[in-house]
file coords-v5.cif (mmCIF, C-alpha atoms and all ligand atoms)
data_input
loop_
_atom_site.group_PDB
_atom_site.id
_atom_site.type_symbol
_atom_site.label_atom_id
_atom_site.label_comp_id
_atom_site.auth_asym_id
_atom_site.auth_seq_id
_atom_site.Cartn_x
_atom_site.Cartn_y
_atom_site.Cartn_z
ATOM 1 C CA MET A 2 -20.239 -11.162 1.711
ATOM 2 C CA ILE A 3 -18.840 -8.292 -0.293
ATOM 3 C CA ARG A 4 -17.015 -7.117 2.815
ATOM 4 C CA LYS A 5 -15.470 -10.521 3.302
ATOM 5 C CA LEU A 6 -14.436 -10.634 -0.303
ATOM 6 C CA SER A 7 -12.823 -7.232 -0.180
ATOM 7 C CA LYS A 8 -10.993 -8.196 3.013
ATOM 8 C CA ALA A 9 -9.667 -11.289 1.303
ATOM 9 C CA LEU A 10 -8.608 -9.204 -1.666
ATOM 10 C CA LEU A 11 -6.873 -6.718 0.571
ATOM 11 C CA PHE A 12 -5.042 -9.526 2.320
ATOM 12 C CA THR A 13 -3.885 -11.066 -0.963
ATOM 13 C CA SER A 14 -2.670 -7.731 -2.234
ATOM 14 C CA LEU A 15 -0.784 -7.176 1.022
ATOM 15 C CA LEU A 16 0.878 -10.548 0.600
ATOM 16 C CA ALA A 17 1.751 -9.755 -2.989
ATOM 17 C CA GLY A 18 3.209 -6.481 -1.764
ATOM 18 C CA THR A 19 5.417 -8.263 0.745
ATOM 19 C CA SER A 20 6.986 -10.594 -1.779
ATOM 20 C CA LEU A 21 7.517 -7.685 -4.152
ATOM 21 C CA MET A 22 9.373 -5.833 -1.430
ATOM 22 C CA ALA A 23 11.626 -8.787 -0.820
ATOM 23 C CA GLU A 24 12.300 -8.986 -4.532
ATOM 24 C CA GLU A 25 13.153 -5.307 -4.682
ATOM 25 C CA ALA A 26 15.326 -5.362 -1.588
ATOM 26 C CA HIS A 27 18.389 -4.918 -3.759
ATOM 27 C CA TYR A 28 17.197 -1.439 -4.727
ATOM 28 C CA THR A 29 20.049 0.500 -3.155
ATOM 29 C CA LYS A 30 20.581 4.115 -2.239
ATOM 30 C CA ALA A 31 22.735 4.436 -5.369
ATOM 31 C CA ASP A 32 19.815 3.145 -7.483
ATOM 32 C CA ARG A 33 17.533 5.645 -5.843
ATOM 33 C CA ILE A 34 19.844 8.592 -6.465
ATOM 34 C CA LYS A 35 20.212 7.474 -10.088
ATOM 35 C CA ASP A 36 16.409 7.369 -10.502
ATOM 36 C CA MET A 37 16.070 10.774 -8.851
ATOM 37 C CA ILE A 38 18.611 12.245 -11.256
ATOM 38 C CA THR A 39 16.736 10.681 -14.178
ATOM 39 C CA MET A 40 13.586 12.395 -12.907
ATOM 40 C CA ALA A 41 15.368 15.727 -12.470
ATOM 41 C CA GLU A 42 16.660 15.487 -16.048
ATOM 42 C CA GLY A 43 13.199 14.553 -17.241
ATOM 43 C CA MET A 44 11.753 17.664 -15.605
ATOM 44 C CA GLU A 45 14.437 19.762 -17.318
ATOM 45 C CA GLN A 46 13.511 18.233 -20.665
ATOM 46 C CA ILE A 47 9.867 19.103 -20.110
ATOM 47 C CA GLN A 48 10.815 22.642 -19.200
ATOM 48 C CA SER A 49 12.896 22.940 -22.386
ATOM 49 C CA GLY A 50 9.870 21.775 -24.332
ATOM 50 C CA LEU A 51 7.688 24.385 -22.692
ATOM 51 C CA LEU A 52 10.175 27.036 -23.759
ATOM 52 C CA TYR A 53 9.955 25.710 -27.336
ATOM 53 C CA ARG A 54 13.516 24.519 -27.403
ATOM 54 C CA CYS A 55 12.662 21.271 -29.187
ATOM 55 C CA LYS A 56 10.592 20.258 -32.143
ATOM 56 C CA GLU A 57 6.895 19.555 -31.634
ATOM 57 C CA GLY A 58 7.254 18.949 -27.932
ATOM 58 C CA GLN A 59 9.503 15.940 -28.477
ATOM 59 C CA CYS A 60 11.448 16.637 -25.297
ATOM 60 C CA ILE A 61 8.221 16.897 -23.313
ATOM 61 C CA ILE A 62 7.361 13.391 -24.442
ATOM 62 C CA LYS A 63 10.890 12.125 -23.737
ATOM 63 C CA GLY A 64 11.030 13.790 -20.323
ATOM 64 C CA ALA A 65 7.624 12.471 -19.266
ATOM 65 C CA GLU A 66 8.392 8.941 -20.486
ATOM 66 C CA ASP A 67 11.778 8.913 -18.727
ATOM 67 C CA ILE A 68 10.209 9.976 -15.445
ATOM 68 C CA LYS A 69 7.413 7.441 -15.814
ATOM 69 C CA SER A 70 9.900 4.638 -16.421
ATOM 70 C CA VAL A 71 11.550 5.170 -13.015
ATOM 71 C CA LEU A 72 8.331 6.010 -11.178
ATOM 72 C CA VAL A 73 7.625 2.313 -11.471
ATOM 73 C CA HIS A 74 10.434 1.784 -8.938
ATOM 74 C CA LEU A 75 8.999 4.293 -6.512
ATOM 75 C CA LYS A 76 5.764 2.371 -6.641
ATOM 76 C CA LYS A 77 7.303 -0.963 -5.766
ATOM 77 C CA VAL A 78 9.961 0.017 -3.309
ATOM 78 C CA ASP A 79 9.118 0.437 0.318
ATOM 79 C CA PRO A 80 10.894 3.619 1.406
ATOM 80 C CA LYS A 81 11.308 2.174 4.904
ATOM 81 C CA ASP A 82 14.923 1.478 4.118
ATOM 82 C CA PHE A 83 15.742 5.141 3.872
ATOM 83 C CA LEU A 84 13.298 6.525 6.409
ATOM 84 C CA ASP A 85 13.932 7.130 10.084
ATOM 85 C CA ALA A 86 11.907 4.949 12.437
ATOM 86 C CA GLU A 87 9.427 7.751 13.184
ATOM 87 C CA GLN A 88 8.816 8.404 9.497
ATOM 88 C CA GLN A 89 8.043 4.890 8.403
ATOM 89 C CA TYR A 90 4.328 5.531 8.139
ATOM 90 C CA ALA A 91 5.226 7.632 5.091
ATOM 91 C CA HIS A 92 5.115 4.662 2.716
ATOM 92 C CA LYS A 93 1.546 5.468 1.717
ATOM 93 C CA PHE A 94 2.431 9.107 1.326
ATOM 94 C CA ALA A 95 5.304 8.214 -1.026
ATOM 95 C CA GLN A 96 3.085 5.932 -3.098
ATOM 96 C CA LYS A 97 0.500 8.669 -3.409
ATOM 97 C CA ARG A 98 3.179 11.063 -4.706
ATOM 98 C CA GLN A 99 4.179 8.612 -7.427
ATOM 99 C CA LEU A 100 0.516 8.022 -8.362
ATOM 100 C CA MET A 101 -0.098 11.755 -8.661
ATOM 101 C CA LEU A 102 3.092 12.275 -10.663
ATOM 102 C CA ASN A 103 2.051 9.553 -13.055
ATOM 103 C CA MET A 104 -1.360 11.136 -13.472
ATOM 104 C CA TYR A 105 0.001 14.650 -14.101
ATOM 105 C CA LEU A 106 2.494 13.321 -16.648
ATOM 106 C CA ASN A 107 -0.203 11.401 -18.507
ATOM 107 C CA GLU A 108 -2.438 14.463 -18.559
ATOM 108 C CA MET A 109 0.501 16.495 -19.834
ATOM 109 C CA LEU A 110 1.006 14.094 -22.740
ATOM 110 C CA GLU A 111 -2.672 14.272 -23.656
ATOM 111 C CA GLU A 112 -2.602 18.075 -23.532
ATOM 112 C CA LEU A 113 0.500 18.152 -25.683
ATOM 113 C CA LYS A 114 -1.374 16.158 -28.332
ATOM 114 C CA ARG A 115 -4.032 18.866 -28.269
ATOM 115 C CA LYS A 116 -1.262 21.512 -28.334
ATOM 116 C CA ASP A 117 -2.706 23.021 -25.192
ATOM 117 C CA MET A 118 0.614 24.364 -23.875
ATOM 118 C CA ASP A 119 -1.027 26.343 -21.117
ATOM 119 C CA ALA A 120 -2.409 23.137 -19.644
ATOM 120 C CA VAL A 121 0.949 21.364 -20.099
ATOM 121 C CA ALA A 122 2.645 24.159 -18.149
ATOM 122 C CA HIS A 123 0.025 23.916 -15.440
ATOM 123 C CA ASN A 124 0.563 20.186 -15.030
ATOM 124 C CA TYR A 125 4.323 20.671 -15.073
ATOM 125 C CA GLY A 126 3.903 22.938 -12.047
ATOM 126 C CA LEU A 127 1.722 20.365 -10.296
ATOM 127 C CA ALA A 128 4.256 17.608 -11.010
ATOM 128 C CA LEU A 129 7.069 19.718 -9.589
ATOM 129 C CA ARG A 130 5.054 20.235 -6.444
ATOM 130 C CA GLU A 131 4.813 16.473 -6.015
ATOM 131 C CA CYS A 132 8.637 16.253 -6.110
ATOM 132 C CA THR A 133 9.084 19.032 -3.584
ATOM 133 C CA SER A 134 6.302 17.783 -1.350
ATOM 134 C CA CYS A 135 8.056 14.428 -1.041
ATOM 135 C CA HIS A 136 11.426 16.059 -0.504
ATOM 136 C CA MET A 137 10.127 18.356 2.197
ATOM 137 C CA ARG A 138 8.698 15.430 4.060
ATOM 138 C CA LEU A 139 11.237 12.690 3.418
ATOM 139 C CA ARG A 140 14.405 14.783 3.194
ATOM 140 C CA PRO A 141 13.762 17.151 6.082
ATOM 141 C CA ASN A 142 17.446 17.779 6.774
ATOM 142 C CA LYS A 143 18.146 19.095 3.279
HETATM 143 C C1 LIG B 201 8.579 9.288 -2.863
HETATM 144 C C2 LIG B 201 9.260 10.477 -2.513
HETATM 145 C C3 LIG B 201 9.983 11.240 -3.580
HETATM 146 C C4 LIG B 201 9.466 11.743 -4.736
HETATM 147 C C5 LIG B 201 8.031 11.661 -5.249
HETATM 148 C C6 LIG B 201 10.555 12.403 -5.403
HETATM 149 N N1 LIG B 201 11.699 12.295 -4.677
HETATM 150 FE FE1 LIG B 201 13.549 12.971 -5.215
HETATM 151 N N2 LIG B 201 14.314 12.219 -3.500
HETATM 152 C C7 LIG B 201 13.612 11.532 -2.531
HETATM 153 C C8 LIG B 201 14.530 11.100 -1.478
HETATM 154 C C9 LIG B 201 14.128 10.305 -0.248
HETATM 155 C C10 LIG B 201 15.799 11.558 -1.846
HETATM 156 C C11 LIG B 201 17.105 11.338 -1.078
HETATM 157 C C12 LIG B 201 17.646 9.994 -1.536
HETATM 158 C C13 LIG B 201 18.751 9.487 -0.673
HETATM 159 O O1 LIG B 201 19.559 10.316 -0.206
HETATM 160 O O2 LIG B 201 18.800 8.269 -0.477
HETATM 161 C C14 LIG B 201 15.630 12.271 -3.129
HETATM 162 C C15 LIG B 201 16.663 12.877 -3.825
HETATM 163 C C16 LIG B 201 16.522 13.562 -5.018
HETATM 164 C C17 LIG B 201 17.599 14.227 -5.736
HETATM 165 C C18 LIG B 201 19.048 14.333 -5.270
HETATM 166 C C19 LIG B 201 19.886 13.198 -5.792
HETATM 167 C C20 LIG B 201 21.314 13.346 -5.263
HETATM 168 O O3 LIG B 201 22.220 13.481 -6.079
HETATM 169 O O4 LIG B 201 21.492 13.327 -4.038
HETATM 170 C C21 LIG B 201 17.064 14.768 -6.869
HETATM 171 C C22 LIG B 201 17.791 15.552 -7.955
HETATM 172 C C23 LIG B 201 15.647 14.442 -6.868
HETATM 173 N N3 LIG B 201 15.361 13.703 -5.732
HETATM 174 C C24 LIG B 201 14.761 14.794 -7.876
HETATM 175 C C25 LIG B 201 13.396 14.498 -7.867
HETATM 176 C C26 LIG B 201 12.457 14.944 -8.882
HETATM 177 C C27 LIG B 201 12.795 15.805 -10.084
HETATM 178 C C28 LIG B 201 11.240 14.456 -8.519
HETATM 179 C C29 LIG B 201 9.906 14.633 -9.204
HETATM 180 C C30 LIG B 201 9.794 14.299 -10.600
HETATM 181 C C31 LIG B 201 11.428 13.707 -7.283
HETATM 182 N N4 LIG B 201 12.747 13.762 -6.917
HETATM 183 C C32 LIG B 201 10.406 13.058 -6.614
HETATM 184 C C33 LIG B 201 12.268 11.271 -2.529
HETATM 185 C C34 LIG B 201 11.387 11.596 -3.548
#

call {"tool": "encode", "arguments": {"input": "coords-v5.cif", "output": "structure tokens"}}
result
Amino acid sequence: MIRKLSKALLFTSLLAGTSLMAEEAHYTKADRIKDMITMAEGMEQIQSGLLYRCKEGQCIIKGAEDIKSVLVHLKKVDPKDFLDAEQQYAHKFAQKRQLMLNMYLNEMLEELKRKDMDAVAHNYGLALRECTSCHMRLRPNK
């Protein structure tokens, strides 16, 4: 019974995913590059904050929030449109990267509240690894 229910749930969520993809089909390469640049700037802001170049970690908060606001796109958009045929299985991989990024950024914000800068720096490093891990896999010719 529970199995059946979870299968039904899975199926509904797959369906929901499909219509979302159709809705987001207008997410172009230009949109993607723009989001990527927003994320790169966000990471720079966080780094500035770690080097105490802004008051009370304000740029860490701004950087993390900016990145989180575009991560939402990564979650919804199927990267199939920019992947080669043999890489299309990477959708799950890409979604995992955005989930992890979101988690590290949230942890970072909590640690900032506690003024635990060592932990913020640690999570910054982990977040950066999520960016590079995706780039190494999905931008192999760079
Ligand atoms: C889900 C995979 C994925 C993740 C996660 C990801 N990127 Fe990207 N990124 C890409 C892809 C794919 C491209 C190439 C886009 C294209 O050419 O269409 C790219 C391109 C870029 C570019 C180059 C934009 C340009 O001008 O060509 C920058 C900068 C960038 N990403 C920054 C980041 C940063 C910073 C992070 C982490 C906070 C990040 N990315 C996380 C997949 C990812």

call {"tool": "resolve_selection", "arguments": {"input": "coords-v5.cif", "expression": "the PyMOL selection byres (((chain A and resi 71) around 10) and not hetatm)", "output": "compact mmCIF listing (two decimals) with C-alpha atoms, keeping the file's coordinate frame"}}
result
# COMPACT_ATOMS: atom_id res chain seq x y z
CA ARG A 33 17.53 5.64 -5.84
CA LYS A 35 20.21 7.47 -10.09
CA ASP A 36 16.41 7.37 -10.50
CA MET A 37 16.07 10.77 -8.85
CA THR A 39 16.74 10.68 -14.18
CA MET A 40 13.59 12.40 -12.91
CA GLU A 66 8.39 8.94 -20.49
CA ASP A 67 11.78 8.91 -18.73
CA ILE A 68 10.21 9.98 -15.44
CA LYS A 69 7.41 7.44 -15.81
CA SER A 70 9.90 4.64 -16.42
CA LEU A 72 8.33 6.01 -11.18
CA VAL A 73 7.62 2.31 -11.47
CA HIS A 74 10.43 1.78 -8.94
CA LEU A 75 9.00 4.29 -6.51
CA LYS A 76 5.76 2.37 -6.64
CA GLN A 99 4.18 8.61 -7.43

call {"tool": "residues_near_ligand", "arguments": {"input": "coords-v5.cif", "ligand": "ligand LIG 201 (chain B)", "cutoff": "9 Å", "atoms": "all atoms listed in the file", "output": "CSV table (one decimal) with C-alpha atoms, keeping the file's coordinate frame"}}
result
chain,number,residue,atom,x,y,z
A,29,THR,CA,20.0,0.5,-3.2
A,30,LYS,CA,20.6,4.1,-2.2
A,31,ALA,CA,22.7,4.4,-5.4
A,32,ASP,CA,19.8,3.1,-7.5
A,33,ARG,CA,17.5,5.6,-5.8
A,34,ILE,CA,19.8,8.6,-6.5
A,35,LYS,CA,20.2,7.5,-10.1
A,36,ASP,CA,16.4,7.4,-10.5
A,37,MET,CA,16.1,10.8,-8.9
A,38,ILE,CA,18.6,12.2,-11.3
A,39,THR,CA,16.7,10.7,-14.2
A,40,MET,CA,13.6,12.4,-12.9
A,41,ALA,CA,15.4,15.7,-12.5
A,42,GLU,CA,16.7,15.5,-16.0
A,43,GLY,CA,13.2,14.6,-17.2
A,44,MET,CA,11.8,17.7,-15.6
A,45,GLU,CA,14.4,19.8,-17.3
A,68,ILE,CA,10.2,10.0,-15.4
A,69,LYS,CA,7.4,7.4,-15.8
A,72,LEU,CA,8.3,6.0,-11.2
A,75,LEU,CA,9.0,4.3,-6.5
A,76,LYS,CA,5.8,2.4,-6.6
A,80,PRO,CA,10.9,3.6,1.4
A,83,PHE,CA,15.7,5.1,3.9
A,84,LEU,CA,13.3,6.5,6.4
A,91,ALA,CA,5.2,7.6,5.1
A,92,HIS,CA,5.1,4.7,2.7
A,94,PHE,CA,2.4,9.1,1.3
A,95,ALA,CA,5.3,8.2,-1.0
A,96,GLN,CA,3.1,5.9,-3.1
A,97,LYS,CA,0.5,8.7,-3.4
A,98,ARG,CA,3.2,11.1,-4.7
A,99,GLN,CA,4.2,8.6,-7.4
A,100,LEU,CA,0.5,8.0,-8.4
A,101,MET,CA,-0.1,11.8,-8.7
A,102,LEU,CA,3.1,12.3,-10.7
A,128,ALA,CA,4.3,17.6,-11.0
A,129,LEU,CA,7.1,19.7,-9.6
A,130,ARG,CA,5.1,20.2,-6.4
A,131,GLU,CA,4.8,16.5,-6.0
A,132,CYS,CA,8.6,16.3,-6.1
A,133,THR,CA,9.1,19.0,-3.6
A,134,SER,CA,6.3,17.8,-1.4
A,135,CYS,CA,8.1,14.4,-1.0
A,136,HIS,CA,11.4,16.1,-0.5
A,137,MET,CA,10.1,18.4,2.2
A,138,ARG,CA,8.7,15.4,4.1
A,139,LEU,CA,11.2,12.7,3.4
A,140,ARG,CA,14.4,14.8,3.2
A,143,LYS,CA,18.1,19.1,3.3

call {"tool": "axis_aligned_box", "arguments": {"input": "coords-v5.cif", "around": "stretch 31-34 of chain A", "padding_each_side": "4 Å", "output": "lines of an AutoDock Vina configuration file"}}
result
center_x = 20.1
center_y = 5.9
center_z = -6.4
size_x = 13.2
size_y = 13.4
size_z = 10.1

call {"tool": "atom_distance", "arguments": {"input": "coords-v5.cif", "atom1": "atom CA of A:Leu110", "atom2": "atom CA of A:Ile61"}}
result
7.8 Å

call {"tool": "atom_distance", "arguments": {"input": "coords-v5.cif", "atom1": "atom CA of A:Leu51", "atom2": "atom CA of A:Asp119"}}
result
9.1 Å

call {"tool": "atom_distance", "arguments": {"input": "coords-v5.cif", "atom1": "atom CA of A:Val121", "atom2": "atom CA of A:Leu106"}}
result
8.9 Å

call {"tool": "closest_residue", "arguments": {"input": "coords-v5.cif", "among": "A:Leu52, A:Ile47, A:Ala65, A:Cys60", "to": "A:Asn107", "atoms": "only C-alpha atoms"}}
result
A:Ala65

call {"tool": "build_atoms", "arguments": {"input": "coords-v5.cif", "residues": "stretch 101-114 of chain A", "atoms": "N, CA and C atoms", "output": "CSV table (one decimal), in the frame of the given file"}}
result
chain,number,residue,atom,x,y,z
A,101,MET,N,0.3,10.4,-8.2
A,101,MET,CA,-0.1,11.8,-8.7
A,101,MET,C,0.8,12.2,-9.8
A,102,LEU,N,2.1,11.9,-9.6
A,102,LEU,CA,3.1,12.3,-10.7
A,102,LEU,C,2.7,11.6,-12.0
A,103,ASN,N,2.4,10.3,-11.9
A,103,ASN,CA,2.1,9.6,-13.1
A,103,ASN,C,0.8,10.2,-13.7
A,104,MET,N,-0.1,10.6,-12.9
A,104,MET,CA,-1.4,11.1,-13.5
A,104,MET,C,-1.1,12.5,-14.2
A,105,TYR,N,-0.3,13.3,-13.5
A,105,TYR,CA,0.0,14.6,-14.1
A,105,TYR,C,0.8,14.5,-15.4
A,106,LEU,N,1.7,13.5,-15.4
A,106,LEU,CA,2.5,13.3,-16.6
A,106,LEU,C,1.6,12.8,-17.8
A,107,ASN,N,0.7,11.9,-17.5
A,107,ASN,CA,-0.2,11.4,-18.5
A,107,ASN,C,-1.1,12.5,-19.0
A,108,GLU,N,-1.6,13.3,-18.1
A,108,GLU,CA,-2.4,14.5,-18.6
A,108,GLU,C,-1.6,15.4,-19.5
A,109,MET,N,-0.4,15.6,-19.1
A,109,MET,CA,0.5,16.5,-19.8
A,109,MET,C,0.7,16.0,-21.3
A,110,LEU,N,0.8,14.7,-21.4
A,110,LEU,CA,1.0,14.1,-22.7
A,110,LEU,C,-0.3,14.3,-23.6
A,111,GLU,N,-1.4,14.1,-22.9
A,111,GLU,CA,-2.7,14.3,-23.7
A,111,GLU,C,-2.8,15.7,-24.1
A,112,GLU,N,-2.5,16.7,-23.2
A,112,GLU,CA,-2.6,18.1,-23.5
A,112,GLU,C,-1.6,18.5,-24.6
A,113,LEU,N,-0.5,17.9,-24.6
A,113,LEU,CA,0.5,18.2,-25.7
A,113,LEU,C,-0.1,17.8,-27.0
A,114,LYS,N,-0.7,16.6,-27.1
A,114,LYS,CA,-1.4,16.2,-28.3
A,114,LYS,C,-2.4,17.2,-28.8
